[in-house]
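Novice: Pasting a structure below so you can have a look.
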Amino acid sequence: MAQKGPEKPSQPEFHLPQPAVLNPPSRSARILHMAVKMFMAGRKRLQVRFGTYNPTAKPEPYQLRSFPQRGYFAVTEVKLPQSRGFYLYPTDATGPHRVVLQLHGGSYISPFSHMYAKAAYQYAQAAETKNGAAAVFSLDYRTAPEHPYPAALEDALDAYDWLLTQGYAPDQIILAGDSAGGGLALALALKLRDQEVPNCARALVLLSPWTDLPAKGTSYQANKYRDPLFQSVPGVPDPEPIAKYYVGDADPYDPYLSPAYAQLHDLPPTLALVGQTELLYSDSVKVIRGLQDAGVKARLQVYPEVIHVWPAAFTRLPESQRAWQQISYFLHEN
């Protein structure tokens with residue numbers, strides 16, 4: 001059954017130009033931040049010593065039977081022209097009134113995984129309104145290096161078109177993504193705008209989005225030793241930039257590859273969430289500033305000492321619960 005919209009979070013909402021940091025970090029977040037930082041530093045040293053680093057190694061394709069089953073939702077696999085997706089939908093009589101097009105992260109080289117299947121339910125819950133339940137289409141797009149740019153964007157366009165064939169109007173479609181998927185969601189919105197699709201989506205939700213593939217933002221230096229996952233380790237050579245696998249022969253400043261360098265006018269209302277110590281912190285700041293300067297309703301929420309894409313990866317953290325509350329409130333506003 002459809003639920004009432006959430007109460008407005010008690011904490012004030014923050015807006016640029018001064019990104020606001022929400023709360024001191026919880027004890028759980030501080031411990032996790034420190035533990036991941038230590039683990040990843042040790043792992044990088046071992047990978048360099050024993051030569052085991054292989055960024056393009058891929059697991060077996062995700063299977064529909066592995067998709068978690070919950071409540072009154074059903075899930076089916078959808079074949080697209082060159083990729084596939086998982087359509088999670090409510091089985092109650094009223095049917096879905098909104099749909100989230102979920103674009104997963106993984107540096108454009110990792111396929112859909114169980115973490116994103118679990119996050120699909122979070123999106124479904126966050127997007128539900130008093131008028132009805134929400135569905136989620138989780139795209140398992142083609143990945144690099146076998147399928148460089150523009151493969152993922154082409155697959156995202158196919159997924160969007162499939163939703164239109166199912167009867168969804170653009171103002172019922174929410175574009176959401178994390179990390180590379182966040183950049184892809186924004187690139188999809190840009191592509192649809194440039195194709196003159198009016199009001200191409202209801203809203204954009206970006207979790208730690210990767211929007212600056214040339215890595216020229218200030219946080220790529222400022223957070224070089226602070227980001228637990230992507231930190232540089234003193235005495236250990238940095239690996240080659242992973243962006244090269246998806247960029248291929250294209251220009252990394254192409255706005256559909258790096259939306260941070262795009263003209264950001266006439267886009268849907270946008271919420272971005274990012275960690276203050278993330279390597280990709282400036283990716284979010286640049287995008288939200290660009291959106292606001294272009295007159296788009298846009299909001300940035302910054303958290304201290306959280307891990308990259310924490311709302312999807314570490315759902316039990318207080319910061320994750322807070323993030324999903326903010327996403328839900330944002331989607332009920334828009």
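Letters A, B, ... mark the chains of the structure tokens in the order given; residue numbers begin at 1 per chain; ligand numbers begin at 1, in order shown.
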Using only C-alpha atoms, determine which residues lie at most 8 Å from segment 114-128 of chain A, disregarding the query and same-chain residues fewer than 6 positions distant; provide the list as a VMD selection string.

Specialist: chain A and resid 2 to 3 5 62 66 to 68 88 98 to 100 102 104 134 to 136 138 312 to 313 324 to 325 327 to 329 331 to 332

Novice: Please report the interatomic distance between atom CA of Gly217 of chain A and atom CA of Val285 of chain A in Å with one decimal.

Specialist: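 Straight-line distance from atom CA of Gly217 of chain A to atom CA of Val285 of chain A works out to 9.3 Å.
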
Novice: Among segment 58-263 of chain A, which ones does DSSP place in strand (DSSP E), written as an MDAnalysis selection string?

Specialist: chainID A and resid 73:79 84:90 96:103 133:140 173:178 203:207

Novice: For a test of reading the model, state the distance in Å between atom CA of Pro311 of chain A and atom CA of Ser113 of chain A, rounded to one decimal.

Specialist: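 Interatomic distance here is 15.3 Å.
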
Novice: Between A:Ser258, A:Gln231, A:Thr165, A:Gln263, which is the closest to Ala185 of chain A once you count only C-alpha atoms?

Specialist: A:Ser258

Novice: For atom CA of Thr218 of chain A and atom CA of Glu240 of chain A, determine how far apart the two atoms are, in Å to one decimal place.

Specialist: 19.1 Å

Novice: Give me, as JSON, numbers by chain, all polymer residues having an atom no more than 10 Å from Leu264 of chain A, counting only C-alpha atoms and skipping those fewer than 2 positions away in the same chain.

Specialist: {"A": [186, 189, 190, 193, 255, 259, 260, 261, 262, 266, 267, 268, 287, 288, 289, 290, 291, 292, 293, 294, 295, 296]}

Novice: Output the selection as a short mmCIF file (atom, residue, chain, number, x, y, z; two decimals), in the first residue's frame - N, CA and C atoms for each residue.

Specialist:
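Now in selection.cif:
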```cif
data_model
loop_
_atom_site.label_atom_id
_atom_site.label_comp_id
_atom_site.auth_asym_id
_atom_site.auth_seq_id
_atom_site.Cartn_x
_atom_site.Cartn_y
_atom_site.Cartn_z
N LEU A 186 23.34 12.11 -15.29
CA LEU A 186 23.40 13.51 -15.71
C LEU A 186 23.65 13.60 -17.22
N ALA A 189 20.41 12.98 -18.99
CA ALA A 189 19.55 14.17 -18.97
C ALA A 189 20.03 15.21 -19.99
N LEU A 190 21.33 15.39 -20.10
CA LEU A 190 21.88 16.32 -21.09
C LEU A 190 21.55 15.88 -22.51
N ARG A 193 17.88 16.46 -23.19
CA ARG A 193 17.66 17.90 -23.38
C ARG A 193 18.11 18.34 -24.77
N PRO A 255 30.99 16.71 -22.86
CA PRO A 255 30.03 16.87 -21.76
C PRO A 255 29.22 15.62 -21.46
N PRO A 259 30.07 15.55 -17.42
CA PRO A 259 29.04 16.59 -17.33
C PRO A 259 29.45 17.82 -16.53
N ALA A 260 30.52 17.71 -15.75
CA ALA A 260 31.00 18.89 -15.01
C ALA A 260 31.39 20.02 -15.95
N TYR A 261 31.67 19.70 -17.21
CA TYR A 261 32.08 20.71 -18.19
C TYR A 261 30.96 21.06 -19.17
N ALA A 262 29.75 20.64 -18.85
CA ALA A 262 28.61 20.88 -19.74
C ALA A 262 27.92 22.20 -19.43
N ASP A 266 18.30 24.14 -18.22
CA ASP A 266 17.11 23.38 -18.62
C ASP A 266 17.20 21.91 -18.26
N LEU A 267 17.60 21.64 -17.04
CA LEU A 267 17.68 20.27 -16.54
C LEU A 267 16.73 20.10 -15.36
N PRO A 268 16.41 18.87 -15.00
CA PRO A 268 15.46 18.64 -13.90
C PRO A 268 16.04 19.06 -12.55
N VAL A 287 29.21 20.60 -10.40
CA VAL A 287 27.93 20.37 -11.07
C VAL A 287 26.81 21.16 -10.42
N ILE A 288 26.73 21.12 -9.10
CA ILE A 288 25.63 21.82 -8.43
C ILE A 288 25.77 23.33 -8.62
N ARG A 289 26.97 23.84 -8.55
CA ARG A 289 27.16 25.27 -8.82
C ARG A 289 26.74 25.61 -10.24
N GLY A 290 27.12 24.76 -11.20
CA GLY A 290 26.74 25.01 -12.58
C GLY A 290 25.24 24.98 -12.78
N LEU A 291 24.58 24.04 -12.13
CA LEU A 291 23.12 23.96 -12.22
C LEU A 291 22.47 25.20 -11.63
N GLN A 292 22.91 25.58 -10.44
CA GLN A 292 22.31 26.75 -9.79
C GLN A 292 22.57 28.02 -10.59
N ASP A 293 23.77 28.16 -11.14
CA ASP A 293 24.08 29.33 -11.96
C ASP A 293 23.20 29.38 -13.20
N ALA A 294 22.77 28.20 -13.67
CA ALA A 294 21.92 28.13 -14.86
C ALA A 294 20.44 28.24 -14.53
N GLY A 295 20.13 28.45 -13.25
CA GLY A 295 18.74 28.62 -12.85
C GLY A 295 17.99 27.34 -12.56
N VAL A 296 18.72 26.23 -12.43
CA VAL A 296 18.09 24.94 -12.13
C VAL A 296 18.01 24.77 -10.62
#
```

Novice: Counting only C-alpha atoms, which of A:Lys191, A:Ser107, A:Glu146, A:Ala151 gets nearest to Leu213 of chain A?

Specialist: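 The shortest atom-to-atom distance to Leu213 of chain A comes from A:Ser107.
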
Novice: If we count only C-alpha atoms and set the cut-off at 8 Å, which residues sit around segment 147-149 of chain A, ignoring sequence neighbours fewer than 3 positions away in its own chain? Please answer as a short mmCIF file (atom, residue, chain, number, x, y, z; two decimals) with C-alpha atoms, in the first residue's frame.

Specialist:
```cif
data_model
loop_
_atom_site.label_atom_id
_atom_site.label_comp_id
_atom_site.auth_asym_id
_atom_site.auth_seq_id
_atom_site.Cartn_x
_atom_site.Cartn_y
_atom_site.Cartn_z
CA ARG A 142 27.56 -2.60 -21.28
CA THR A 143 30.90 -1.92 -19.65
CA ALA A 144 34.43 -0.97 -20.68
CA ALA A 152 26.71 3.06 -21.58
CA LEU A 153 24.94 6.24 -22.72
CA TYR A 245 38.96 2.37 -20.25
CA TYR A 246 35.61 4.06 -20.85
CA VAL A 247 36.88 7.21 -22.56
CA GLY A 248 38.73 5.25 -25.24
CA ALA A 250 36.96 10.18 -27.17
CA LEU A 257 31.51 11.93 -20.62
#
```

Novice: What's around segment 166-172 of chain A at 7 Å? Count only C-alpha atoms, leave out sequence neighbours fewer than 3 positions away in its own chain, and write the answer as an MDAnalysis selection string.

Specialist: chainID A and resid 97:99 162:163 199:202
